[in-house]
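Novice: The structure file start-v5.cif (mmCIF, C-alpha atoms) is provided below.
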data_entry
loop_
_atom_site.label_atom_id
_atom_site.label_comp_id
_atom_site.auth_asym_id
_atom_site.auth_seq_id
_atom_site.Cartn_x
_atom_site.Cartn_y
_atom_site.Cartn_z
CA MET J 1 42.74 47.12 44.50
CA SER J 2 40.86 48.73 41.61
CA TYR J 3 37.54 47.87 40.05
CA SER J 4 35.09 49.53 37.71
CA ILE J 5 31.56 50.63 38.52
CA THR J 6 29.04 50.50 35.72
CA SER J 7 25.97 52.69 35.75
CA ALA J 8 22.47 51.39 35.18
CA GLU J 9 21.39 51.41 31.56
CA ARG J 10 18.75 54.08 32.26
CA LEU J 11 21.46 56.64 33.00
CA LYS J 12 23.02 56.01 29.61
CA THR J 13 19.75 56.88 27.88
CA LEU J 14 19.44 60.33 29.44
CA PRO J 15 19.74 63.32 27.09
CA VAL J 16 22.54 65.82 27.64
CA GLN J 17 21.41 68.32 30.27
CA PHE J 18 21.23 71.33 28.01
CA PHE J 19 21.07 74.06 30.65
CA ALA J 20 23.93 72.61 32.70
CA SER J 21 26.31 72.96 29.76
CA LEU J 22 24.96 76.44 28.96
CA VAL J 23 25.57 77.59 32.54
CA ALA J 24 29.08 76.15 32.52
CA LYS J 25 29.97 78.04 29.35
CA ALA J 26 28.60 81.32 30.70
CA ASN J 27 30.35 80.91 34.05
CA ALA J 28 33.68 80.16 32.41
CA ARG J 29 33.43 83.34 30.37
CA ALA J 30 32.53 85.43 33.41
CA ALA J 31 35.34 83.85 35.47
CA SER J 32 37.83 85.15 32.93
CA GLY J 33 36.87 88.68 33.94
CA ARG J 34 34.50 89.48 31.10
CA ASP J 35 31.33 91.55 31.64
CA VAL J 36 28.90 88.83 30.63
CA ILE J 37 25.18 89.53 30.26
CA ASN J 38 23.46 86.18 30.69
CA LEU J 39 20.07 86.04 29.00
CA GLY J 40 20.29 82.32 28.32
CA GLN J 41 18.63 80.98 31.47
CA GLY J 42 15.15 81.15 32.93
CA ASN J 43 16.28 82.16 36.41
CA PRO J 44 14.27 85.12 37.81
CA ASP J 45 16.54 88.03 38.73
CA LEU J 46 14.23 89.78 41.22
CA PRO J 47 13.82 88.78 44.90
CA THR J 48 10.90 86.95 46.45
CA PRO J 49 8.31 89.43 47.82
CA GLN J 50 9.21 90.39 51.38
CA SER J 51 5.87 89.29 52.88
CA ILE J 52 6.59 85.73 51.78
CA VAL J 53 10.13 85.85 53.17
CA GLU J 54 8.85 87.19 56.50
CA ARG J 55 6.31 84.39 56.75
CA LEU J 56 9.10 81.84 56.30
CA LYS J 57 11.16 83.51 59.04
CA GLN J 58 8.24 83.33 61.44
CA ALA J 59 7.33 79.79 60.47
CA ALA J 60 10.89 78.55 60.98
CA ASP J 61 10.41 79.04 64.73
CA ASN J 62 7.43 76.68 64.83
CA PRO J 63 8.64 73.39 66.41
CA LEU J 64 5.92 71.50 64.52
CA TYR J 65 7.86 72.13 61.33
CA HIS J 66 11.06 70.74 62.81
CA LYS J 67 9.55 67.27 62.53
CA TYR J 68 8.77 65.30 59.40
CA PRO J 69 5.89 66.90 57.50
CA PRO J 70 2.96 64.79 56.30
CA PHE J 71 4.11 62.72 53.35
CA ARG J 72 1.66 64.43 51.01
CA GLY J 73 2.00 67.92 52.45
CA TYR J 74 -0.08 70.08 54.74
CA PRO J 75 -3.77 70.49 53.85
CA PHE J 76 -3.54 74.28 54.19
CA LEU J 77 -1.19 74.52 51.19
CA LYS J 78 -3.43 72.38 49.00
CA GLU J 79 -6.38 74.52 50.03
CA ALA J 80 -4.39 77.66 49.18
CA VAL J 81 -3.63 76.62 45.61
CA ALA J 82 -7.24 75.49 45.10
CA LYS J 83 -8.36 78.93 46.29
CA ARG J 84 -5.98 80.67 43.87
CA TYR J 85 -7.25 78.61 40.92
CA LYS J 86 -10.84 79.38 41.82
CA GLU J 87 -10.15 83.11 42.02
CA ASP J 88 -7.95 83.36 38.94
CA TYR J 89 -9.52 80.83 36.56
CA GLY J 90 -12.90 79.85 37.98
CA VAL J 91 -11.66 76.26 38.31
CA ASP J 92 -12.91 74.09 41.19
CA LEU J 93 -10.31 71.72 42.65
CA ASP J 94 -10.75 69.25 45.49
CA PRO J 95 -7.69 69.90 47.70
CA ASN J 96 -7.73 66.33 48.99
CA THR J 97 -7.87 64.44 45.71
CA GLU J 98 -7.00 66.84 42.88
CA VAL J 99 -3.85 68.52 44.23
CA ALA J 100 -0.35 67.09 44.68
CA ILE J 101 2.50 69.13 46.17
CA LEU J 102 5.76 68.89 44.21
CA PHE J 103 9.42 69.73 44.76
CA GLY J 104 9.12 72.28 41.96
CA GLY J 105 7.33 71.80 38.67
CA LYS J 106 10.30 70.07 37.02
CA THR J 107 10.08 67.18 39.47
CA GLY J 108 6.45 66.52 38.66
CA LEU J 109 7.01 66.75 34.91
CA VAL J 110 9.67 64.05 35.14
CA GLU J 111 7.66 61.93 37.59
CA LEU J 112 4.58 61.87 35.38
CA SER J 113 6.33 59.85 32.69
CA GLN J 114 7.33 57.30 35.35
CA CYS J 115 3.69 57.05 36.40
CA LEU J 116 2.16 56.59 32.95
CA LEU J 117 4.67 55.25 30.43
CA ASN J 118 6.07 51.78 29.83
CA PRO J 119 8.81 50.76 27.38
CA GLY J 120 7.32 50.88 23.89
CA ASP J 121 4.81 53.62 24.75
CA VAL J 122 5.02 56.97 23.01
CA CYS J 123 4.93 60.46 24.48
CA LEU J 124 4.01 63.43 22.29
CA VAL J 125 6.32 66.36 23.02
CA PRO J 126 6.47 69.89 21.61
CA ASP J 127 9.38 70.76 19.33
CA PRO J 128 10.82 73.13 20.38
CA GLY J 129 10.03 72.43 24.01
CA TYR J 130 11.35 72.23 27.56
CA PRO J 131 14.17 69.63 27.50
CA ASP J 132 13.26 68.02 30.81
CA TYR J 133 10.19 66.46 29.20
CA TRP J 134 12.71 64.32 27.34
CA SER J 135 14.42 63.30 30.58
CA GLY J 136 11.28 61.80 32.09
CA VAL J 137 10.45 59.90 28.91
CA ALA J 138 13.99 58.51 28.73
CA LEU J 139 13.88 57.35 32.36
CA ALA J 140 10.60 55.56 31.64
CA GLY J 141 12.17 53.75 28.67
CA ALA J 142 9.49 55.14 26.37
CA GLU J 143 9.76 56.87 22.99
CA MET J 144 9.05 60.44 21.90
CA ALA J 145 7.15 61.73 18.89
CA PHE J 146 7.86 65.38 18.27
CA MET J 147 5.12 67.88 17.45
CA PRO J 148 6.66 70.78 15.48
CA LEU J 149 5.73 74.26 16.70
CA THR J 150 6.06 76.70 13.80
CA ALA J 151 5.34 80.37 13.29
CA ASP J 152 2.81 79.66 10.54
CA ASN J 153 0.62 77.81 13.07
CA ALA J 154 1.14 80.33 15.91
CA PHE J 155 3.55 77.87 17.58
CA LEU J 156 0.70 75.46 18.35
CA PRO J 157 0.88 71.74 17.49
CA ASP J 158 -1.05 70.47 14.50
CA TYR J 159 -2.53 67.17 15.69
CA SER J 160 -3.37 66.10 12.13
CA ARG J 161 0.36 65.87 11.37
CA ILE J 162 1.11 63.21 14.00
CA ALA J 163 2.11 59.96 12.35
CA PRO J 164 -0.64 57.30 12.74
CA ASP J 165 1.76 54.65 14.08
CA MET J 166 2.98 57.04 16.78
CA LEU J 167 -0.55 58.19 17.61
CA LYS J 168 -1.65 54.60 18.12
CA ARG J 169 1.02 54.06 20.78
CA ALA J 170 0.81 57.52 22.38
CA LYS J 171 -0.17 57.55 26.06
CA LEU J 172 0.95 61.03 27.17
CA MET J 173 1.31 64.50 25.67
CA PHE J 174 3.08 67.59 27.05
CA LEU J 175 1.83 71.10 26.29
CA ASN J 176 3.25 74.37 27.61
CA TYR J 177 1.53 77.77 27.28
CA PRO J 178 2.65 80.47 27.74
CA ASN J 179 5.37 78.61 25.92
CA ASN J 180 9.01 78.07 26.70
CA PRO J 181 10.87 78.84 24.48
CA THR J 182 8.60 80.47 21.85
CA ALA J 183 6.66 82.75 24.28
CA ALA J 184 3.43 81.92 22.43
CA THR J 185 0.08 81.61 24.20
CA ALA J 186 -2.91 79.34 23.65
CA ASP J 187 -6.63 80.11 23.82
CA LEU J 188 -9.59 78.09 25.07
CA SER J 189 -10.54 76.95 21.57
CA PHE J 190 -7.17 75.24 21.23
CA TYR J 191 -7.62 73.53 24.59
CA ALA J 192 -11.14 72.41 23.60
CA GLU J 193 -9.62 70.82 20.48
CA THR J 194 -6.96 69.25 22.70
CA VAL J 195 -9.48 67.70 25.11
CA GLU J 196 -11.41 66.20 22.18
CA PHE J 197 -8.20 64.88 20.60
CA ALA J 198 -6.99 63.37 23.87
CA ALA J 199 -10.32 61.71 24.69
CA LYS J 200 -10.60 60.23 21.21
CA ASN J 201 -7.08 58.75 21.28
CA GLY J 202 -6.75 57.76 24.96
CA ILE J 203 -3.94 60.23 25.65
CA VAL J 204 -3.24 61.95 28.97
CA VAL J 205 -2.58 65.68 28.64
CA ALA J 206 0.09 67.31 30.82
CA SER J 207 -0.27 71.09 30.72
CA ASP J 208 2.89 72.84 31.91
CA PHE J 209 1.54 76.17 33.21
CA ALA J 210 4.76 77.46 34.76
CA TYR J 211 4.35 80.92 33.18
CA GLY J 212 0.59 81.09 33.69
CA ALA J 213 0.62 84.45 35.46
CA ILE J 214 2.71 86.21 32.82
CA GLY J 215 0.69 87.59 29.93
CA PHE J 216 1.07 90.93 28.18
CA ASP J 217 -1.00 93.64 26.51
CA GLY J 218 -3.83 93.22 29.00
CA LYS J 219 -4.37 89.53 28.20
CA ARG J 220 -4.20 86.98 31.01
CA PRO J 221 -3.16 83.46 29.92
CA VAL J 222 -5.89 80.84 30.20
CA SER J 223 -5.56 77.54 32.06
CA PHE J 224 -6.04 74.18 30.39
CA LEU J 225 -8.26 73.26 33.36
CA GLN J 226 -10.77 75.95 32.39
CA THR J 227 -11.81 73.75 29.47
CA PRO J 228 -14.82 71.45 29.94
CA GLY J 229 -13.59 67.87 30.20
CA ALA J 230 -9.98 68.83 30.95
CA LYS J 231 -9.88 67.07 34.32
CA GLU J 232 -11.13 63.89 32.69
CA VAL J 233 -8.10 63.70 30.37
CA GLY J 234 -5.24 65.38 32.17
CA VAL J 235 -3.44 67.44 34.75
CA GLU J 236 -1.82 70.85 34.94
CA PHE J 237 1.53 71.72 36.51
CA TYR J 238 1.65 75.00 38.38
CA THR J 239 4.66 76.52 40.13
CA LEU J 240 5.52 79.46 42.35
CA SER J 241 8.96 79.85 40.75
CA LYS J 242 8.03 82.40 38.10
CA SER J 243 4.92 84.14 39.47
CA TYR J 244 6.44 84.92 42.86
CA ASN J 245 10.18 84.83 42.12
CA MET J 246 10.48 81.66 44.22
CA ALA J 247 12.61 79.51 41.89
CA GLY J 248 14.98 78.50 44.67
CA TRP J 249 12.16 77.56 47.05
CA ARG J 250 11.10 74.58 44.89
CA VAL J 251 7.32 74.70 45.30
CA GLY J 252 5.05 73.32 42.61
CA PHE J 253 1.76 71.49 42.18
CA ALA J 254 0.08 68.92 39.96
CA LEU J 255 -3.62 69.69 39.61
CA GLY J 256 -6.57 67.94 38.01
CA ASN J 257 -7.43 64.31 37.31
CA ALA J 258 -7.74 62.55 40.69
CA GLN J 259 -6.45 59.19 39.42
CA ILE J 260 -3.27 60.77 38.05
CA ILE J 261 -2.82 62.87 41.19
CA GLU J 262 -2.93 59.67 43.25
CA MET J 263 -0.26 58.13 41.01
CA ILE J 264 2.00 61.13 41.55
CA ASN J 265 1.39 61.05 45.28
CA LEU J 266 2.18 57.35 45.36
CA ILE J 267 5.51 57.65 43.57
CA GLN J 268 6.44 60.57 45.83
CA ASP J 269 5.56 58.49 48.92
CA HIS J 270 8.48 56.29 47.93
CA MET J 271 10.89 59.14 47.18
CA TYR J 272 10.25 62.13 49.47
CA CYS J 273 8.72 63.31 52.70
CA SER J 274 7.23 66.56 51.37
CA LEU J 275 8.57 70.10 51.76
CA PHE J 276 9.77 71.78 54.96
CA GLY J 277 6.64 73.03 56.74
CA GLY J 278 7.93 76.58 56.95
CA ILE J 279 8.23 76.73 53.17
CA GLN J 280 4.73 75.33 52.82
CA GLU J 281 3.38 78.06 55.10
CA ALA J 282 5.23 80.76 53.16
CA ALA J 283 3.93 79.29 49.89
CA ALA J 284 0.39 79.50 51.23
CA GLU J 285 1.04 83.17 52.07
CA ALA J 286 2.11 83.75 48.45
CA LEU J 287 -1.08 82.15 47.12
CA THR J 288 -3.61 83.67 49.51
CA GLY J 289 -2.05 87.07 50.25
CA SER J 290 -2.13 90.19 48.11
CA GLN J 291 -1.38 89.51 44.45
CA ALA J 292 -0.09 93.04 43.87
CA SER J 293 3.48 91.74 43.60
CA VAL J 294 2.44 89.46 40.73
CA GLU J 295 0.78 92.33 38.90
CA GLN J 296 3.89 94.46 39.37
CA LEU J 297 6.13 91.64 38.17
CA VAL J 298 4.12 91.24 34.96
CA ALA J 299 4.27 95.01 34.41
CA THR J 300 8.05 94.89 34.89
CA TYR J 301 8.49 92.13 32.32
CA GLU J 302 6.22 93.92 29.85
CA SER J 303 8.23 97.13 30.23
CA ARG J 304 11.46 95.20 29.73
CA ARG J 305 9.98 93.51 26.67
CA ASN J 306 9.05 96.83 25.13
CA THR J 307 12.45 98.33 25.90
CA LEU J 308 14.37 95.41 24.41
CA TYR J 309 12.29 95.13 21.24
CA GLY J 310 12.48 98.87 20.69
CA ALA J 311 16.27 98.74 20.99
CA LEU J 312 16.54 95.67 18.76
CA SER J 313 14.40 97.35 16.11
CA GLU J 314 16.87 100.22 16.01
CA ILE J 315 19.68 97.83 15.01
CA GLY J 316 17.51 96.03 12.42
CA TRP J 317 16.60 92.92 14.42
CA GLU J 318 12.85 92.66 13.91
CA ALA J 319 10.51 90.08 15.43
CA PRO J 320 6.97 89.87 16.87
CA LYS J 321 6.82 90.70 20.56
CA PRO J 322 6.15 87.79 22.93
CA ALA J 323 2.59 87.38 24.19
CA GLY J 324 3.55 85.76 27.48
CA SER J 325 6.29 84.23 29.67
CA PHE J 326 9.55 86.13 30.23
CA PHE J 327 11.24 84.81 27.10
CA CYS J 328 11.89 86.22 23.63
CA TRP J 329 12.06 83.90 20.60
CA LEU J 330 14.12 85.70 18.00
CA PRO J 331 14.98 84.67 14.42
CA ILE J 332 18.68 84.68 13.60
CA PRO J 333 20.39 86.16 10.51
CA LYS J 334 20.30 84.06 7.35
CA GLY J 335 23.37 81.96 6.69
CA ARG J 336 23.97 81.10 10.34
CA THR J 337 22.85 78.29 12.63
CA SER J 338 21.40 78.95 16.07
CA VAL J 339 24.52 77.50 17.71
CA SER J 340 26.98 79.47 15.59
CA PHE J 341 25.02 82.69 16.16
CA ALA J 342 24.90 82.10 19.92
CA ASN J 343 28.65 81.48 19.90
CA VAL J 344 29.27 84.75 18.06
CA LEU J 345 27.24 86.67 20.64
CA LEU J 346 29.16 85.06 23.49
CA GLU J 347 32.64 85.35 22.01
CA GLU J 348 32.32 88.80 20.44
CA ALA J 349 29.74 90.55 22.62
CA ASP J 350 29.81 88.64 25.96
CA ILE J 351 26.10 87.95 25.68
CA VAL J 352 24.66 84.53 26.57
CA VAL J 353 21.57 83.36 24.68
CA ALA J 354 20.14 79.86 24.32
CA PRO J 355 20.41 78.32 20.83
CA GLY J 356 17.04 77.22 19.53
CA THR J 357 18.24 73.70 18.78
CA GLY J 358 18.72 73.15 22.51
CA PHE J 359 14.93 72.84 22.63
CA GLY J 360 14.52 70.55 19.61
CA ALA J 361 15.24 70.37 15.90
CA SER J 362 12.42 72.79 15.05
CA GLY J 363 14.18 75.41 17.14
CA GLU J 364 16.78 75.87 14.42
CA GLY J 365 16.77 79.41 13.11
CA TYR J 366 16.04 80.99 16.51
CA VAL J 367 17.65 81.91 19.80
CA ARG J 368 15.92 82.39 23.13
CA LEU J 369 16.56 85.42 25.35
CA GLY J 370 15.26 85.95 28.87
CA LEU J 371 13.90 89.30 30.09
CA LEU J 372 15.81 88.74 33.30
CA THR J 373 17.94 91.82 33.78
CA SER J 374 17.38 95.56 34.01
CA GLU J 375 16.18 97.70 31.12
CA GLU J 376 19.57 99.43 31.03
CA ARG J 377 21.33 96.11 30.59
CA LEU J 378 18.82 95.09 27.89
CA LYS J 379 19.65 98.29 26.03
CA GLU J 380 23.32 97.38 26.41
CA VAL J 381 22.58 93.98 24.86
CA ALA J 382 21.14 95.65 21.77
CA SER J 383 24.04 98.10 21.63
CA ARG J 384 26.66 95.37 21.74
CA ILE J 385 24.89 93.31 19.08
CA GLY J 386 24.47 96.40 16.92
CA ARG J 387 28.23 96.95 16.90
CA LEU J 388 28.68 93.52 15.34
CA LYS J 389 26.76 94.61 12.21
CA LEU J 390 24.90 91.30 11.99
CA PHE J 391 21.63 92.77 10.72
#
If you convert what's in this file into structure tokens, what do you get?
Specialist:
Amino acid sequence: MSYSITSAERLKTLPVQFFASLVAKANARAASGRDVINLGQGNPDLPTPQSIVERLKQAADNPLYHKYPPFRGYPFLKEAVAKRYKEDYGVDLDPNTEVAILFGGKTGLVELSQCLLNPGDVCLVPDPGYPDYWSGVALAGAEMAFMPLTADNAFLPDYSRIAPDMLKRAKLMFLNYPNNPTAATADLSFYAETVEFAAKNGIVVASDFAYGAIGFDGKRPVSFLQTPGAKEVGVEFYTLSKSYNMAGWRVGFALGNAQIIEMINLIQDHMYCSLFGGIQEAAAEALTGSQASVEQLVATYESRRNTLYGALSEIGWEAPKPAGSFFCWLPIPKGRTSVSFANVLLEEADIVVAPGTGFGASGEGYVRLGLLTSEERLKEVASRIGRLKLF
């Protein structure tokens, strides 16, 4: 007997998972025996600091953690992230009402749209921007209005350019600084403008602060929550993936507006039973222990940045250095598209980069590279590209 199974309509509305297809293409090339240098993903290449790993090993022996954890996580982890925000940004957070523990930042970013958007509502999203914002909006049955991020406006959105009909229906807005993919940063004056804009138009702000620890040239990125009034209009998403090389551990947080935090906690009550207690204890160690590993990590990325841009300059590929994150947003040669240029690098130089259009239409004309390999390999990237005589 045979019969067909039809998926729910919501699955048919999902965008193509950009990074899944990128990984598949890179893996296929490597499987053929080629020496592929993959700079197309945002997957940290360095290990988690040993003190955090050791804390997990010890915690795994605790029989308390072999049972179900509290649905909304252990209080000690919420207290730890509140302590980190106070020390780093001067922001006061109530661990009980203004902190939600997430299965990684991505989960919370997708969940937020489910909490706030109905069919017919509009979400303002950066273009280019992190593609998983789109996924949450699609699952909610809402619409997107794209906010172009362009070099002439320092890759910040211009709120005056949002169409009035979209602004009237907008309920949620995603921002992300330090930015993926453009590597731009935002200052407190921009966030002050954002809070005023959001309050005036009844829009919830979602600040994606995944790269918050990674700023260069002696400048630490600022948090949206440092802005007066920020907690009244929004939340910030913070993750241990990038700051502590814990991408595989899946630990993130939503922080800020208590009403929105309760919504996120509620939807997670119906979906999860929090993180393994041993991981929560190790995460608390990361947040409350010495931050020397974070400082060293930032120094490593800055050194890699300088090495790569110096090598690229030698082959004629010029671009401003990134101010934050571990990404590079590089303009491509005239006469090519971002996809065709990325394909040339893969097929002729065995280098994987992410085409700018994978992050939105305004990403055309750029490719994104990650500073996620050694300085020697980054020099090799420039050498291989130089041999192609593209610049």
Novice: Hey, can you check how far CA of Leu116 in chain J sits from CA of Asn153 in chain J?
Specialist: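 It comes out at 29.1 Å.
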Novice: Check what the PyMOL selection byres ((chain J and resi 371) around 8) selects in the file above and give those residues as a list in words.
Specialist: Leu39, Tyr301, Arg304, Arg305, Phe326, Phe327, Cys328, Leu369, Gly370, Leu372, Thr373 and Leu378 of chain J
Novice: Which range 206-275 of chain J residues have any atom within 8 Å of an atom of range 87-104 of chain J, and for each, what is the nearest pair of atoms with distance in Å to one decimal, counting only C-alpha atoms, rows sorted by chain and number, as a Markdown table?
Specialist:
| residue | atom | partner | partner_atom | distance |
| --- | --- | --- | --- | --- |
| J:Val222 | CA | J:Tyr89 | CA | 7.3 |
| J:Ser223 | CA | J:Tyr89 | CA | 6.8 |
| J:Leu225 | CA | J:Val91 | CA | 6.7 |
| J:Gln226 | CA | J:Val91 | CA | 6.0 |
| J:Thr239 | CA | J:Gly104 | CA | 6.4 |
| J:Ser241 | CA | J:Gly104 | CA | 7.7 |
| J:Trp249 | CA | J:Gly104 | CA | 7.9 |
| J:Arg250 | CA | J:Gly104 | CA | 4.2 |
| J:Val251 | CA | J:Gly104 | CA | 4.5 |
| J:Gly252 | CA | J:Gly104 | CA | 4.3 |
| J:Phe253 | CA | J:Ile101 | CA | 4.7 |
| J:Ala254 | CA | J:Ala100 | CA | 5.1 |
| J:Leu255 | CA | J:Val99 | CA | 4.8 |
| J:Gly256 | CA | J:Glu98 | CA | 5.0 |
| J:Asn257 | CA | J:Glu98 | CA | 6.1 |
| J:Ala258 | CA | J:Glu98 | CA | 4.9 |
| J:Ile261 | CA | J:Glu98 | CA | 6.0 |
| J:Glu262 | CA | J:Thr97 | CA | 7.3 |
| J:Ile264 | CA | J:Ala100 | CA | 7.1 |
| J:Asn265 | CA | J:Ala100 | CA | 6.3 |
| J:Ser274 | CA | J:Ile101 | CA | 7.5 |
| J:Leu275 | CA | J:Phe103 | CA | 7.1 |
Novice: When distances are computed from all atoms listed in the file, which of J:Phe174, J:Phe276, J:Phe155, J:Phe216 shows the smallest separation from His66 in chain J?
Specialist: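 The closest residue to His66 in chain J is J:Phe276.
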Novice: As an exercise, work out the distance from CA of Tyr133 in chain J to CA of Leu109 in chain J in Å and give it to one decimal place.
Specialist: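 Straight-line distance from CA of Tyr133 in chain J to CA of Leu109 in chain J works out to 6.5 Å.
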Novice: Excluding Ala354 in chain J and any residue of its chain fewer than 5 positions from it, enumerate the residues within 6 Å of it, using all atoms listed in the file, and give them as JSON, numbers by chain.
Specialist: {"J": [40, 367, 368]}
Novice: So for range 155-160 of chain J, what box centre and size do we get, axis-aligned, 3 Å extra on each of the six sides, every listed atom, Å to one decimal, as lines of an AutoDock Vina configuration file?
Specialist:
center_x = 0.1
center_y = 72.0
center_z = 15.2
size_x = 12.9
size_y = 17.8
size_z = 12.2
Novice: Could you spell out the hits of the PyMOL selection byres ((chain J and resi 267) around 12) on the shown file, as number ranges by chain?
Specialist: J: 71-72, 100, 102, 107-108, 110-116, 260-266, 268-274
Novice: Under the rule of at most 6 Å, produce a per-residue listing of range 13-91 of chain J near range 343-351 of chain J: chain, number, name, the closest pair of atoms, and the distance in Å, as CSV, using all atoms listed in the file.
Specialist:
residue,atom,partner,partner_atom,distance
J:Val36,CA,J:Asp350,CA,4.8
J:Ile37,CA,J:Ile351,CA,4.9
J:Asn38,CA,J:Ile351,CA,5.9
Novice: Run the PyMOL selection byres ((chain J and resi 147) around 6) on the file and write out the hits as a PDB file with C-alpha atoms, in the frame of the given file.
Specialist:
ATOM      1  CA  VAL J 125       6.320  66.360  23.020  1.00  0.00           C
ATOM      2  CA  PRO J 126       6.470  69.890  21.610  1.00  0.00           C
ATOM      3  CA  ASP J 127       9.380  70.760  19.330  1.00  0.00           C
ATOM      4  CA  PHE J 146       7.860  65.380  18.270  1.00  0.00           C
ATOM      5  CA  PRO J 148       6.660  70.780  15.480  1.00  0.00           C
ATOM      6  CA  PRO J 157       0.880  71.740  17.490  1.00  0.00           C
TER       7      PRO J 157
END
Novice: Taking (-4.2, 75.6, 51.9) in the file's own coordinates, collect the residues within 12 Å, counting only C-alpha atoms, and hand them back as a PDB file with C-alpha atoms, in the coordinates of the input.
Specialist:
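And here's out-v1.pdb as it stands now:
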ATOM      1  CA  GLY J  73       2.000  67.920  52.450  1.00  0.00           C
ATOM      2  CA  TYR J  74      -0.080  70.080  54.740  1.00  0.00           C
ATOM      3  CA  PRO J  75      -3.770  70.490  53.850  1.00  0.00           C
ATOM      4  CA  PHE J  76      -3.540  74.280  54.190  1.00  0.00           C
ATOM      5  CA  LEU J  77      -1.190  74.520  51.190  1.00  0.00           C
ATOM      6  CA  LYS J  78      -3.430  72.380  49.000  1.00  0.00           C
ATOM      7  CA  GLU J  79      -6.380  74.520  50.030  1.00  0.00           C
ATOM      8  CA  ALA J  80      -4.390  77.660  49.180  1.00  0.00           C
ATOM      9  CA  VAL J  81      -3.630  76.620  45.610  1.00  0.00           C
ATOM     10  CA  ALA J  82      -7.240  75.490  45.100  1.00  0.00           C
ATOM     11  CA  LYS J  83      -8.360  78.930  46.290  1.00  0.00           C
ATOM     12  CA  ARG J  84      -5.980  80.670  43.870  1.00  0.00           C
ATOM     13  CA  TYR J  85      -7.250  78.610  40.920  1.00  0.00           C
ATOM     14  CA  LEU J  93     -10.310  71.720  42.650  1.00  0.00           C
ATOM     15  CA  ASP J  94     -10.750  69.250  45.490  1.00  0.00           C
ATOM     16  CA  PRO J  95      -7.690  69.900  47.700  1.00  0.00           C
ATOM     17  CA  ASN J  96      -7.730  66.330  48.990  1.00  0.00           C
ATOM     18  CA  VAL J  99      -3.850  68.520  44.230  1.00  0.00           C
ATOM     19  CA  ALA J 100      -0.350  67.090  44.680  1.00  0.00           C
ATOM     20  CA  ILE J 101       2.500  69.130  46.170  1.00  0.00           C
ATOM     21  CA  GLN J 280       4.730  75.330  52.820  1.00  0.00           C
ATOM     22  CA  GLU J 281       3.380  78.060  55.100  1.00  0.00           C
ATOM     23  CA  ALA J 282       5.230  80.760  53.160  1.00  0.00           C
ATOM     24  CA  ALA J 283       3.930  79.290  49.890  1.00  0.00           C
ATOM     25  CA  ALA J 284       0.390  79.500  51.230  1.00  0.00           C
ATOM     26  CA  GLU J 285       1.040  83.170  52.070  1.00  0.00           C
ATOM     27  CA  ALA J 286       2.110  83.750  48.450  1.00  0.00           C
ATOM     28  CA  LEU J 287      -1.080  82.150  47.120  1.00  0.00           C
ATOM     29  CA  THR J 288      -3.610  83.670  49.510  1.00  0.00           C
ATOM     30  CA  GLY J 289      -2.050  87.070  50.250  1.00  0.00           C
TER      31      GLY J 289
END
Novice: Please determine the residues with any atom at most 7 Å from (6.2, 79.7, 32.5) (coordinates as given in the file, with all atoms listed in the file counting) and report them as number ranges by chain.
Specialist: J: 178-180, 209-212, 242, 325
Novice: How far is it from CA of Val298 in chain J to CA of Ala192 in chain J, in Å with one decimal?
Specialist: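 Straight-line distance from CA of Val298 in chain J to CA of Ala192 in chain J works out to 26.8 Å.
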Novice: Which neighbours of Ala151 in chain J fall inside 12 Å, counting all atoms listed in the file, when residues of the same chain fewer than 2 positions from it are skipped, and could you give them as a ChimeraX atom specification?
Specialist: /J:128,148-149,153-158,182-184,319-320,329-331,362-363,365-366
Novice: Determine the nearest neighbour of Met173 in chain J from the options J:Gly129, J:Lys219, J:Gly105, J:Leu22, counting all atoms listed in the file.
Specialist: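 Closest candidate: J:Gly129.
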Novice: Tell me which of J:Thr185, J:Ser338, J:Tyr68, J:Val352 sits closest to Lys25 in chain J, counting all atoms listed in the file.
Specialist: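 Ranking J:Thr185, J:Ser338, J:Tyr68, J:Val352 by distance to Lys25 in chain J, first place goes to J:Val352.
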Novice: Calculated over all atoms listed in the file, which of the candidates J:Glu232, J:Asp132, J:Glu376, J:Asp45 has the smallest distance to Val195 in chain J?
Specialist: J:Glu232
Novice: Quick one: of J:Ser293, J:Thr150, J:Asn306, J:Ser374, who's nearest to Pro181 in chain J, counting all atoms listed in the file?
Specialist: J:Thr150
Novice: Would you please work out which residue, of J:Trp134, J:Tyr238, J:Tyr159, J:Tyr65, is nearest to Val16 in chain J when using all atoms listed in the file?
Specialist: J:Trp134
Novice: If I only have part of range 79-83 of chain J, can you fill in N, CA and C atoms and write it as a tab-separated table (two decimals), keeping the file's coordinate frame?
Specialist:
chain	number	residue	atom	x	y	z
J	79	GLU	N	-5.21	73.64	50.04
J	79	GLU	CA	-6.38	74.52	50.03
J	79	GLU	C	-6.04	75.88	49.43
J	80	ALA	N	-4.81	76.35	49.69
J	80	ALA	CA	-4.39	77.66	49.18
J	80	ALA	C	-4.31	77.66	47.66
J	81	VAL	N	-3.74	76.63	47.07
J	81	VAL	CA	-3.63	76.62	45.61
J	81	VAL	C	-4.99	76.41	44.96
J	82	ALA	N	-5.88	75.65	45.62
J	82	ALA	CA	-7.24	75.49	45.10
J	82	ALA	C	-7.97	76.84	45.13
J	83	LYS	N	-7.75	77.61	46.18
J	83	LYS	CA	-8.36	78.93	46.29
J	83	LYS	C	-7.85	79.86	45.19
